[in-house]
file start.cif (mmCIF, C-alpha atoms)
data_start
#
loop_
_atom_site.label_atom_id
_atom_site.label_comp_id
_atom_site.auth_asym_id
_atom_site.auth_seq_id
_atom_site.Cartn_x
_atom_site.Cartn_y
_atom_site.Cartn_z
CA MET A 929 121.35 125.80 90.91
CA PRO A 930 121.79 128.60 93.51
CA VAL A 931 118.71 129.39 95.59
CA SER A 932 118.64 132.97 94.28
CA GLU A 933 118.58 131.79 90.68
CA ALA A 934 115.89 129.17 91.31
CA LEU A 935 113.66 131.71 93.06
CA SER A 936 114.27 134.74 90.85
CA GLY A 937 110.94 134.44 89.03
CA ASP A 938 109.05 134.01 92.29
CA ALA A 939 110.88 136.99 93.77
CA ARG A 940 109.95 139.32 90.90
CA LEU A 941 106.34 138.16 90.96
CA LEU A 942 106.04 138.58 94.73
CA ALA A 943 107.61 142.04 94.76
CA ASP A 944 105.34 143.27 91.97
CA ILE A 945 102.19 142.00 93.67
CA VAL A 946 103.12 143.28 97.13
CA ARG A 947 103.81 146.73 95.70
CA GLU A 948 100.50 146.65 93.82
CA ALA A 949 98.74 145.54 97.03
CA GLY A 950 100.26 148.41 98.97
CA GLU A 951 99.15 150.94 96.37
CA LEU A 952 95.65 149.48 96.49
CA GLY A 953 95.72 149.84 100.26
CA LEU A 954 96.68 153.50 99.99
CA SER A 955 93.79 154.21 97.64
CA LEU A 956 91.32 152.35 99.86
CA ALA A 957 92.55 154.12 103.00
CA ARG A 958 91.34 157.38 101.47
CA LYS A 959 87.90 155.96 100.74
CA PRO A 960 85.27 157.43 103.09
CA GLY A 961 83.06 155.04 105.01
CA LEU A 962 85.19 151.96 104.51
CA ARG A 963 83.29 149.12 106.17
CA ARG A 964 84.91 147.52 109.21
CA TRP A 965 83.91 144.84 111.70
CA THR A 966 85.30 142.57 114.42
CA LYS A 967 86.14 138.93 113.77
CA PRO A 968 85.32 136.16 116.28
CA ASP A 969 88.88 136.27 117.63
CA GLY A 970 88.46 139.96 118.50
CA SER A 971 90.69 141.35 115.75
CA GLU A 972 89.49 144.01 113.34
CA VAL A 973 89.01 143.49 109.62
CA SER A 974 87.84 145.79 106.86
CA GLU A 975 86.84 145.92 103.23
CA GLY A 976 90.44 146.93 102.60
CA ASP A 977 91.85 143.70 104.06
CA LEU A 978 89.53 141.63 101.89
CA ALA A 979 90.18 143.64 98.74
CA ILE A 980 93.93 143.19 99.11
CA ASN A 981 93.46 139.53 99.88
CA ASP A 982 91.42 139.19 96.69
CA LEU A 983 94.27 140.79 94.76
CA PHE A 984 96.72 138.23 96.14
CA GLU A 985 94.30 135.43 95.30
CA GLN A 986 93.84 136.63 91.73
CA ARG A 987 97.47 137.51 90.98
CA LEU A 988 99.69 135.30 93.13
CA ARG A 989 97.61 132.25 93.94
CA ALA A 990 96.44 131.93 90.36
CA ALA A 991 100.01 132.18 89.07
CA ARG A 992 101.29 129.55 91.50
CA ALA A 993 98.23 127.30 91.70
CA PRO A 994 100.03 124.08 92.71
CA ASP A 995 101.52 125.71 95.83
CA GLY A 996 100.05 125.77 99.32
CA TRP A 997 98.30 128.90 100.58
CA LEU A 998 97.94 130.48 104.03
CA SER A 999 96.43 133.95 104.40
CA GLU A 1000 94.87 135.67 107.36
CA GLU A 1001 91.79 136.47 105.29
CA THR A 1002 91.35 133.15 103.45
CA PRO A 1003 89.76 130.12 105.19
CA ASP A 1004 92.55 127.69 106.01
CA ARG A 1005 92.56 124.35 104.20
CA PRO A 1006 94.42 121.21 105.33
CA ASP A 1007 95.58 120.44 101.79
CA ARG A 1008 98.37 123.02 102.22
CA LEU A 1009 100.11 120.54 104.53
CA ALA A 1010 100.91 118.26 101.60
CA GLN A 1011 102.70 121.03 99.68
CA GLU A 1012 106.43 121.71 99.94
CA ARG A 1013 105.92 125.35 98.91
CA LEU A 1014 103.61 127.59 100.93
CA TRP A 1015 102.73 131.24 100.38
CA ILE A 1016 102.05 133.04 103.67
CA ILE A 1017 100.13 136.30 103.31
CA ASP A 1018 99.03 139.11 105.63
CA PRO A 1019 97.02 141.50 103.43
CA ILE A 1020 97.18 144.26 106.04
CA ASP A 1021 99.20 143.96 109.23
CA GLY A 1022 98.03 146.85 111.39
CA THR A 1023 94.38 147.11 110.32
CA ARG A 1024 93.47 149.55 113.09
CA ALA A 1025 96.14 152.04 111.99
CA PHE A 1026 95.05 151.55 108.38
CA LEU A 1027 91.44 152.37 109.27
CA ASP A 1028 92.41 155.32 111.47
CA GLY A 1029 94.51 156.96 108.76
CA GLY A 1030 97.87 156.23 110.37
CA SER A 1031 101.13 155.02 108.87
CA HIS A 1032 101.74 151.96 111.06
CA TRP A 1033 100.44 149.31 108.68
CA CYS A 1034 101.97 147.20 105.96
CA VAL A 1035 101.43 144.44 103.44
CA ALA A 1036 103.50 141.32 104.11
CA ALA A 1037 104.04 138.12 102.16
CA ALA A 1038 106.51 135.24 102.19
CA LEU A 1039 107.23 131.99 100.42
CA ALA A 1040 108.18 129.08 102.67
CA ILE A 1041 109.73 125.87 101.36
CA SER A 1042 109.89 122.79 103.57
CA GLY A 1043 108.75 124.85 106.54
CA ARG A 1044 111.22 127.72 106.26
CA PRO A 1045 110.81 131.17 104.61
CA VAL A 1046 112.94 131.69 101.51
CA LEU A 1047 111.38 134.87 100.04
CA ALA A 1048 109.83 137.85 101.78
CA CYS A 1049 108.42 141.30 101.06
CA VAL A 1050 107.11 143.81 103.59
CA TYR A 1051 105.77 147.08 102.19
CA ARG A 1052 104.80 150.10 104.28
CA PRO A 1053 103.33 152.30 101.56
CA VAL A 1054 102.60 155.45 103.59
CA THR A 1055 106.32 155.94 104.23
CA GLU A 1056 107.57 154.14 101.10
CA GLU A 1057 109.50 151.45 103.02
CA PHE A 1058 109.86 148.39 100.79
CA TYR A 1059 111.72 145.52 102.43
CA THR A 1060 112.79 142.35 100.61
CA ALA A 1061 114.73 139.23 101.54
CA MET A 1062 115.83 136.03 99.86
CA ALA A 1063 117.37 133.08 101.67
CA GLY A 1064 121.15 133.24 101.31
CA ALA A 1065 121.05 136.49 99.34
CA GLY A 1066 120.46 139.10 102.04
CA ALA A 1067 117.80 141.64 102.94
CA THR A 1068 117.21 145.13 101.56
CA LEU A 1069 115.27 148.31 102.27
CA ASN A 1070 114.45 150.18 99.06
CA GLY A 1071 117.27 148.30 97.40
CA ALA A 1072 119.95 149.08 100.01
CA PRO A 1073 121.44 146.07 101.84
CA LEU A 1074 120.60 145.63 105.51
CA ALA A 1075 123.07 144.45 108.16
CA ILE A 1076 122.36 144.42 111.89
CA ALA A 1077 125.19 145.92 113.95
CA ASP A 1078 125.25 143.20 116.58
CA THR A 1079 126.26 143.34 120.22
CA GLY A 1080 125.29 141.25 123.19
CA ALA A 1081 124.59 144.28 125.40
CA LEU A 1082 121.04 144.71 126.69
CA ALA A 1083 121.47 147.93 128.70
CA GLY A 1084 120.03 150.75 126.65
CA ALA A 1085 118.85 148.42 123.87
CA ARG A 1086 115.65 149.59 122.20
CA ILE A 1087 113.29 146.62 122.56
CA ALA A 1088 109.68 146.70 121.36
CA GLY A 1089 106.97 144.60 122.98
CA ASN A 1090 104.07 144.72 125.38
CA ARG A 1091 104.44 145.26 129.12
CA ARG A 1092 103.99 141.58 129.92
CA SER A 1093 106.76 140.51 127.58
CA LEU A 1094 109.24 143.23 128.56
CA ALA A 1095 108.68 143.21 132.35
CA PRO A 1096 111.32 140.50 132.97
CA LEU A 1097 113.86 142.57 131.03
CA ALA A 1098 113.24 145.89 132.80
CA PRO A 1099 115.88 145.32 135.53
CA LEU A 1100 118.49 144.93 132.79
CA GLY A 1101 118.12 148.56 131.72
CA ILE A 1102 116.57 148.12 128.29
CA ALA A 1103 114.89 151.05 126.58
CA ALA A 1104 111.44 149.49 126.42
CA ASP A 1105 108.91 150.49 123.78
CA THR A 1106 105.53 149.27 125.00
CA SER A 1107 103.47 151.58 122.80
CA GLY A 1108 102.33 148.75 120.54
CA ALA A 1109 102.31 151.22 117.67
CA LEU A 1110 104.02 148.92 115.19
CA PRO A 1111 102.46 145.62 114.11
CA LEU A 1112 104.70 142.56 114.34
CA GLN A 1113 105.83 142.58 110.71
CA LEU A 1114 107.01 146.18 110.95
CA ARG A 1115 108.74 145.50 114.28
CA LEU A 1116 110.69 142.72 112.62
CA ALA A 1117 111.45 144.89 109.58
CA HIS A 1118 112.71 147.65 111.86
CA VAL A 1119 114.95 145.18 113.72
CA ALA A 1120 116.43 144.17 110.36
CA ALA A 1121 116.96 147.83 109.46
CA GLY A 1122 118.51 148.74 112.83
CA LEU A 1123 115.72 151.17 113.67
CA ILE A 1124 115.11 149.21 116.86
CA ASP A 1125 117.40 146.68 118.55
CA GLY A 1126 114.95 143.90 119.21
CA ALA A 1127 111.37 142.70 119.53
CA VAL A 1128 109.90 140.42 122.18
CA SER A 1129 106.39 139.02 122.45
CA VAL A 1130 104.79 136.24 124.46
CA GLY A 1131 101.86 133.99 123.63
CA ARG A 1132 100.72 132.63 120.31
CA ARG A 1133 101.66 134.61 117.23
CA ASN A 1134 100.19 133.76 113.84
CA ASP A 1135 102.43 132.59 111.01
CA TRP A 1136 101.24 135.40 108.72
CA ASP A 1137 102.42 137.95 111.32
CA LEU A 1138 105.93 136.47 111.40
CA ALA A 1139 107.16 134.67 108.27
CA ALA A 1140 108.17 137.61 106.09
CA GLY A 1141 109.68 139.63 108.93
CA GLU A 1142 111.58 136.63 110.25
CA LEU A 1143 113.43 136.22 106.97
CA LEU A 1144 114.28 139.94 106.90
CA VAL A 1145 115.94 139.68 110.31
CA ILE A 1146 117.79 136.47 109.52
CA GLU A 1147 119.11 137.75 106.20
CA ALA A 1148 120.26 140.97 107.88
CA GLY A 1149 122.39 138.84 110.22
CA GLY A 1150 120.00 138.45 113.14
CA ALA A 1151 118.11 135.63 114.81
CA VAL A 1152 114.42 134.94 115.45
CA SER A 1153 112.82 132.32 117.67
CA GLY A 1154 110.11 131.62 120.19
CA VAL A 1155 110.75 132.66 123.79
CA SER A 1156 112.14 129.17 124.46
CA GLY A 1157 114.86 129.76 121.89
CA GLU A 1158 113.41 127.17 119.52
CA GLY A 1159 113.26 128.21 115.87
CA TYR A 1160 110.08 128.40 113.84
CA VAL A 1161 108.73 125.77 111.48
CA TYR A 1162 105.91 126.84 109.16
CA ASN A 1163 103.17 124.85 107.44
CA ARG A 1164 102.11 122.92 110.51
CA PRO A 1165 98.46 122.01 111.23
CA GLU A 1166 98.18 124.92 113.70
CA PRO A 1167 99.43 128.07 111.93
CA TRP A 1168 101.00 129.85 114.87
CA GLN A 1169 104.26 130.03 116.81
CA GLN A 1170 104.84 130.31 120.55
CA GLY A 1171 106.15 133.78 121.24
CA LEU A 1172 108.78 135.95 119.53
CA VAL A 1173 112.33 137.05 120.27
CA ALA A 1174 114.11 138.87 117.44
CA ALA A 1175 117.42 140.74 117.49
CA GLY A 1176 120.97 140.60 116.23
CA ALA A 1177 122.43 137.16 116.87
CA LYS A 1178 124.43 138.08 120.00
CA ARG A 1179 121.64 140.19 121.49
CA HIS A 1180 119.11 137.49 120.67
CA ALA A 1181 121.16 135.00 122.70
CA ALA A 1182 121.35 137.49 125.59
CA LEU A 1183 117.58 138.06 125.47
CA ILE A 1184 116.83 134.34 125.50
CA ASP A 1185 119.20 133.85 128.42
CA ALA A 1186 117.61 136.71 130.34
CA LEU A 1187 114.08 135.43 129.73
CA ARG A 1188 115.06 131.95 130.90
CA THR A 1189 116.57 133.18 134.13
CA THR A 1190 113.83 135.62 135.20
#
call {"tool": "encode", "arguments": {"input": "start.cif", "output": "structure tokens"}}
result
Amino acid sequence: MPVSEALSGDARLLADIVREAGELGLSLARKPGLRRWTKPDGSEVSEGDLAINDLFEQRLRAARAPDGWLSEETPDRPDRLAQERLWIIDPIDGTRAFLDGGSHWCVAAALAISGRPVLACVYRPVTEEFYTAMAGAGATLNGAPLAIADTGALAGARIAGNRRSLAPLAPLGIAADTSGALPLQLRLAHVAAGLIDGAVSVGRRNDWDLAAGELLVIEAGGAVSGVSGEGYVYNRPEPWQQGLVAAGAKRHAALIDALRTT
């Protein structure tokens, strides 16, 4: 059975719930006095994050109870490691923008099987960007297919990341975006859509910040890896990856080579 046929029911369910979660986020963003606080790791969280997480728990987790579960806002449990199928959820990527009334936030969710993402949805409701991907079946933005126009050139390439990650690439003439405005999932979505040419980040990056966006880039013809060039494997005991390099396949190779030699 083709992958797309086997996953069609999961794909419809995921898309419906992600869209519902985004609409819930929009309504909560307009709510005055939304409670917010700082987690022990220094990141912000709000009533909105938890409400959307609850929606995923009630709609998706309940519908796929035998599967593993990994969400930023749900306490992690080691029993997920025994499951072949794992749902990876970020209720709100970009909580600060969400709380400040901006547009740079999204809802992101993916299904991984045997450590690799096979379904993904990223929804940016303020601007009505709805990205989907299925392994072997391509990636879309609002239903239109995505394809990265690939080149190995780095000069002039629009690369998003922080100053630390992009400093080694500055002598190569990249057009660096160090604003940090977009959260990781939207950076990856925008790479897939050709709105930027690449994304680079160093240090540990959580699985829920990467899984859905990674599949978007791959299915649009690009490549995603850690800064070493090693690909990601999900559903490990520690739910994070070491760094991020995402771009079209040829540019990804050029970025990895440049990072290794600087």
call {"tool": "resolve_selection", "arguments": {"input": "start.cif", "expression": "the PyMOL selection byres ((chain A and resi 1039) around 12)", "output": "ChimeraX atom specification"}}
result
/A:935,938-939,941-943,988-989,992,995-999,1011-1017,1036-1038,1040-1049,1060-1063,1135-1136,1138-1143,1162-1163
call {"tool": "atom_distance", "arguments": {"input": "start.cif", "atom1": "atom CA of A:Leu983", "atom2": "atom CA of A:Ala949"}}
result
6.9 Å
call {"tool": "residues_around", "arguments": {"input": "start.cif", "residues": "A:Ser1153", "least_positions_apart": "6", "cutoff": "6 Å", "atoms": "all atoms listed in the file", "output": "ChimeraX atom specification"}}
result
/A:1159,1172-1173
call {"tool": "atom_distance", "arguments": {"input": "start.cif", "atom1": "atom CA of A:Asp1137", "atom2": "atom CA of A:Asp1018"}}
result
6.7 Å
call {"tool": "resolve_selection", "arguments": {"input": "start.cif", "expression": "the PyMOL selection byres ((chain A and resi 951-968) around 8)", "output": "JSON list (two decimals) with C-alpha atoms, keeping the file's coordinate frame"}}
result
[["chain", "number", "residue", "atom", "x", "y", "z"],
["A", 947, "ARG", "CA", 103.81, 146.73, 95.70],
["A", 948, "GLU", "CA", 100.50, 146.65, 93.82],
["A", 949, "ALA", "CA", 98.74, 145.54, 97.03],
["A", 950, "GLY", "CA", 100.26, 148.41, 98.97],
["A", 969, "ASP", "CA", 88.88, 136.27, 117.63],
["A", 970, "GLY", "CA", 88.46, 139.96, 118.50],
["A", 971, "SER", "CA", 90.69, 141.35, 115.75],
["A", 972, "GLU", "CA", 89.49, 144.01, 113.34],
["A", 973, "VAL", "CA", 89.01, 143.49, 109.62],
["A", 974, "SER", "CA", 87.84, 145.79, 106.86],
["A", 975, "GLU", "CA", 86.84, 145.92, 103.23],
["A", 976, "GLY", "CA", 90.44, 146.93, 102.60],
["A", 980, "ILE", "CA", 93.93, 143.19, 99.11],
["A", 1026, "PHE", "CA", 95.05, 151.55, 108.38],
["A", 1027, "LEU", "CA", 91.44, 152.37, 109.27],
["A", 1029, "GLY", "CA", 94.51, 156.96, 108.76],
["A", 1053, "PRO", "CA", 103.33, 152.30, 101.56],
["A", 1054, "VAL", "CA", 102.60, 155.45, 103.59]]
call {"tool": "closest_residue", "arguments": {"input": "start.cif", "among": "A:Tyr1051, A:Trp1168, A:Tyr1160, A:Tyr1059", "to": "A:Ala1148", "atoms": "only C-alpha atoms"}}
result
A:Tyr1059
call {"tool": "residues_around", "arguments": {"input": "start.cif", "residues": "A:Thr1055", "least_positions_apart": "3", "cutoff": "10 Å", "atoms": "all atoms listed in the file", "output": "PDB file with C-alpha atoms, in the coordinates of the input"}}
result
ATOM      1  CA  SER A1031     101.130 155.020 108.870  1.00  0.00           C
ATOM      2  CA  HIS A1032     101.740 151.960 111.060  1.00  0.00           C
ATOM      3  CA  TRP A1033     100.440 149.310 108.680  1.00  0.00           C
ATOM      4  CA  CYS A1034     101.970 147.200 105.960  1.00  0.00           C
ATOM      5  CA  TYR A1051     105.770 147.080 102.190  1.00  0.00           C
ATOM      6  CA  ARG A1052     104.800 150.100 104.280  1.00  0.00           C
ATOM      7  CA  PHE A1058     109.860 148.390 100.790  1.00  0.00           C
TER       8      PHE A1058
END
call {"tool": "closest_residue", "arguments": {"input": "start.cif", "among": "A:Gly1171, A:Gly1101, A:Gly1066, A:Pro1165", "to": "A:Ile1146", "atoms": "all atoms listed in the file"}}
result
A:Gly1066
call {"tool": "resolve_selection", "arguments": {"input": "start.cif", "expression": "the PyMOL selection byres ((chain A and resi 1175-1180) around 7)", "output": "ChimeraX atom specification"}}
result
/A:1076,1078-1082,1119,1125-1127,1149-1152,1173-1174,1181-1184
call {"tool": "residues_around", "arguments": {"input": "start.cif", "residues": "A:Ala1117", "least_positions_apart": "3", "cutoff": "7 Å", "atoms": "all atoms listed in the file", "output": "count of residues only"}}
result
7
call {"tool": "closest_residue", "arguments": {"input": "start.cif", "among": "A:Leu1187, A:Arg1133, A:Leu1116, A:Gly1030", "to": "A:Ser1093", "atoms": "only C-alpha atoms"}}
result
A:Leu1187
call {"tool": "axis_aligned_box", "arguments": {"input": "start.cif", "around": "stretch 1126-1129 of chain A", "padding_each_side": "8 Å", "output": "AutoDock Vina command-line options"}}
result
--center_x 110.7 --center_y 141.5 --center_z 120.8 --size_x 24.6 --size_y 20.9 --size_z 19.2
call {"tool": "closest_residue", "arguments": {"input": "start.cif", "among": "A:Pro1167, A:Gly1022, A:Gly1064, A:Pro1096", "to": "A:Asn1134", "atoms": "only C-alpha atoms"}}
result
A:Pro1167
call {"tool": "atom_distance", "arguments": {"input": "start.cif", "atom1": "atom CA of A:Thr1002", "atom2": "atom CA of A:Gln1170"}}
result
22.0 Å
call {"tool": "closest_residue", "arguments": {"input": "start.cif", "among": "A:Pro1019, A:Ala1109, A:Val946, A:Ala1098", "to": "A:Glu1057", "atoms": "only C-alpha atoms"}}
result
A:Val946
call {"tool": "residues_around", "arguments": {"input": "start.cif", "residues": "A:Gly1089", "least_positions_apart": "6", "cutoff": "9 Å", "atoms": "only C-alpha atoms", "output": "list in words"}}
result
Ala1104, Asp1105, Thr1106, Ser1107, Gly1108, Arg1115, Gly1126, Ala1127, Val1128, Ser1129 and Val1130 of chain A
call {"tool": "closest_residue", "arguments": {"input": "start.cif", "among": "A:Leu1069, A:Val1155, A:Leu978, A:Ile1102", "to": "A:Gly1131", "atoms": "all atoms listed in the file"}}
result
A:Val1155
call {"tool": "decode", "arguments": {"input": "start.cif", "residues": "stretch 1173-1185 of chain A", "atoms": "all heavy atoms", "output": "PDB file, in the first residue's frame"}}
result
ATOM      1  N   VAL A1173      20.611  22.984   9.994  1.00  0.00           N
ATOM      2  CA  VAL A1173      20.950  23.568   8.697  1.00  0.00           C
ATOM      3  C   VAL A1173      19.870  23.100   7.726  1.00  0.00           C
ATOM      4  O   VAL A1173      19.675  21.899   7.546  1.00  0.00           O
ATOM      5  CB  VAL A1173      22.339  23.124   8.197  1.00  0.00           C
ATOM      6  CG1 VAL A1173      22.635  23.769   6.841  1.00  0.00           C
ATOM      7  CG2 VAL A1173      23.426  23.482   9.202  1.00  0.00           C
ATOM      8  N   ALA A1174      19.164  24.042   7.123  1.00  0.00           N
ATOM      9  CA  ALA A1174      18.075  23.710   6.207  1.00  0.00           C
ATOM     10  C   ALA A1174      18.171  24.594   4.974  1.00  0.00           C
ATOM     11  O   ALA A1174      18.349  25.815   5.087  1.00  0.00           O
ATOM     12  CB  ALA A1174      16.727  23.908   6.887  1.00  0.00           C
ATOM     13  N   ALA A1175      18.048  23.982   3.812  1.00  0.00           N
ATOM     14  CA  ALA A1175      18.106  24.718   2.543  1.00  0.00           C
ATOM     15  C   ALA A1175      17.785  23.747   1.422  1.00  0.00           C
ATOM     16  O   ALA A1175      17.567  22.556   1.662  1.00  0.00           O
ATOM     17  CB  ALA A1175      19.492  25.331   2.331  1.00  0.00           C
ATOM     18  N   GLY A1176      17.745  24.251   0.187  1.00  0.00           N
ATOM     19  CA  GLY A1176      17.709  23.362  -0.951  1.00  0.00           C
ATOM     20  C   GLY A1176      18.901  22.419  -0.899  1.00  0.00           C
ATOM     21  O   GLY A1176      19.930  22.731  -0.283  1.00  0.00           O
ATOM     22  N   ALA A1177      18.805  21.281  -1.547  1.00  0.00           N
ATOM     23  CA  ALA A1177      19.819  20.242  -1.371  1.00  0.00           C
ATOM     24  C   ALA A1177      21.229  20.725  -1.716  1.00  0.00           C
ATOM     25  O   ALA A1177      22.179  20.463  -0.962  1.00  0.00           O
ATOM     26  CB  ALA A1177      19.453  19.030  -2.230  1.00  0.00           C
ATOM     27  N   LYS A1178      21.406  21.421  -2.827  1.00  0.00           N
ATOM     28  CA  LYS A1178      22.738  21.895  -3.200  1.00  0.00           C
ATOM     29  C   LYS A1178      23.238  22.972  -2.243  1.00  0.00           C
ATOM     30  O   LYS A1178      24.408  22.961  -1.835  1.00  0.00           O
ATOM     31  CB  LYS A1178      22.723  22.438  -4.628  1.00  0.00           C
ATOM     32  CG  LYS A1178      22.484  21.387  -5.697  1.00  0.00           C
ATOM     33  CD  LYS A1178      22.436  22.017  -7.071  1.00  0.00           C
ATOM     34  CE  LYS A1178      22.143  20.982  -8.142  1.00  0.00           C
ATOM     35  NZ  LYS A1178      22.050  21.592  -9.491  1.00  0.00           N
ATOM     36  N   ARG A1179      22.361  23.898  -1.868  1.00  0.00           N
ATOM     37  CA  ARG A1179      22.788  24.949  -0.939  1.00  0.00           C
ATOM     38  C   ARG A1179      23.052  24.378   0.453  1.00  0.00           C
ATOM     39  O   ARG A1179      23.945  24.836   1.163  1.00  0.00           O
ATOM     40  CB  ARG A1179      21.743  26.071  -0.901  1.00  0.00           C
ATOM     41  CG  ARG A1179      22.198  27.262  -0.088  1.00  0.00           C
ATOM     42  CD  ARG A1179      21.256  28.437  -0.233  1.00  0.00           C
ATOM     43  NE  ARG A1179      21.521  29.184  -1.441  1.00  0.00           N
ATOM     44  CZ  ARG A1179      20.606  29.471  -2.371  1.00  0.00           C
ATOM     45  NH1 ARG A1179      19.373  29.007  -2.244  1.00  0.00           N
ATOM     46  NH2 ARG A1179      20.926  30.185  -3.423  1.00  0.00           N
ATOM     47  N   HIS A1180      22.264  23.378   0.848  1.00  0.00           N
ATOM     48  CA  HIS A1180      22.505  22.722   2.124  1.00  0.00           C
ATOM     49  C   HIS A1180      23.915  22.137   2.161  1.00  0.00           C
ATOM     50  O   HIS A1180      24.655  22.309   3.137  1.00  0.00           O
ATOM     51  CB  HIS A1180      21.471  21.615   2.354  1.00  0.00           C
ATOM     52  CG  HIS A1180      21.689  20.815   3.592  1.00  0.00           C
ATOM     53  ND1 HIS A1180      22.485  19.687   3.621  1.00  0.00           N
ATOM     54  CD2 HIS A1180      21.235  20.979   4.867  1.00  0.00           C
ATOM     55  CE1 HIS A1180      22.508  19.185   4.847  1.00  0.00           C
ATOM     56  NE2 HIS A1180      21.757  19.950   5.619  1.00  0.00           N
ATOM     57  N   ALA A1181      24.313  21.455   1.106  1.00  0.00           N
ATOM     58  CA  ALA A1181      25.658  20.884   1.034  1.00  0.00           C
ATOM     59  C   ALA A1181      26.723  21.970   1.119  1.00  0.00           C
ATOM     60  O   ALA A1181      27.745  21.813   1.806  1.00  0.00           O
ATOM     61  CB  ALA A1181      25.829  20.076  -0.240  1.00  0.00           C
ATOM     62  N   ALA A1182      26.475  23.101   0.453  1.00  0.00           N
ATOM     63  CA  ALA A1182      27.439  24.213   0.491  1.00  0.00           C
ATOM     64  C   ALA A1182      27.517  24.817   1.889  1.00  0.00           C
ATOM     65  O   ALA A1182      28.607  25.184   2.361  1.00  0.00           O
ATOM     66  CB  ALA A1182      27.046  25.282  -0.530  1.00  0.00           C
ATOM     67  N   LEU A1183      26.381  24.921   2.565  1.00  0.00           N
ATOM     68  CA  LEU A1183      26.376  25.453   3.931  1.00  0.00           C
ATOM     69  C   LEU A1183      27.130  24.530   4.894  1.00  0.00           C
ATOM     70  O   LEU A1183      27.929  25.005   5.706  1.00  0.00           O
ATOM     71  CB  LEU A1183      24.940  25.647   4.405  1.00  0.00           C
ATOM     72  CG  LEU A1183      24.169  26.822   3.809  1.00  0.00           C
ATOM     73  CD1 LEU A1183      22.679  26.725   4.146  1.00  0.00           C
ATOM     74  CD2 LEU A1183      24.741  28.151   4.310  1.00  0.00           C
ATOM     75  N   ILE A1184      26.886  23.248   4.795  1.00  0.00           N
ATOM     76  CA  ILE A1184      27.585  22.292   5.647  1.00  0.00           C
ATOM     77  C   ILE A1184      29.086  22.371   5.409  1.00  0.00           C
ATOM     78  O   ILE A1184      29.895  22.409   6.352  1.00  0.00           O
ATOM     79  CB  ILE A1184      27.070  20.860   5.401  1.00  0.00           C
ATOM     80  CG1 ILE A1184      25.634  20.714   5.894  1.00  0.00           C
ATOM     81  CG2 ILE A1184      27.979  19.832   6.072  1.00  0.00           C
ATOM     82  CD1 ILE A1184      25.466  20.796   7.386  1.00  0.00           C
ATOM     83  N   ASP A1185      29.477  22.434   4.149  1.00  0.00           N
ATOM     84  CA  ASP A1185      30.901  22.520   3.811  1.00  0.00           C
ATOM     85  C   ASP A1185      31.515  23.801   4.382  1.00  0.00           C
ATOM     86  O   ASP A1185      32.627  23.779   4.943  1.00  0.00           O
ATOM     87  CB  ASP A1185      31.085  22.468   2.298  1.00  0.00           C
ATOM     88  CG  ASP A1185      32.536  22.441   1.896  1.00  0.00           C
ATOM     89  OD1 ASP A1185      33.248  21.489   2.289  1.00  0.00           O
ATOM     90  OD2 ASP A1185      32.987  23.374   1.203  1.00  0.00           O
TER      91      ASP A1185
END
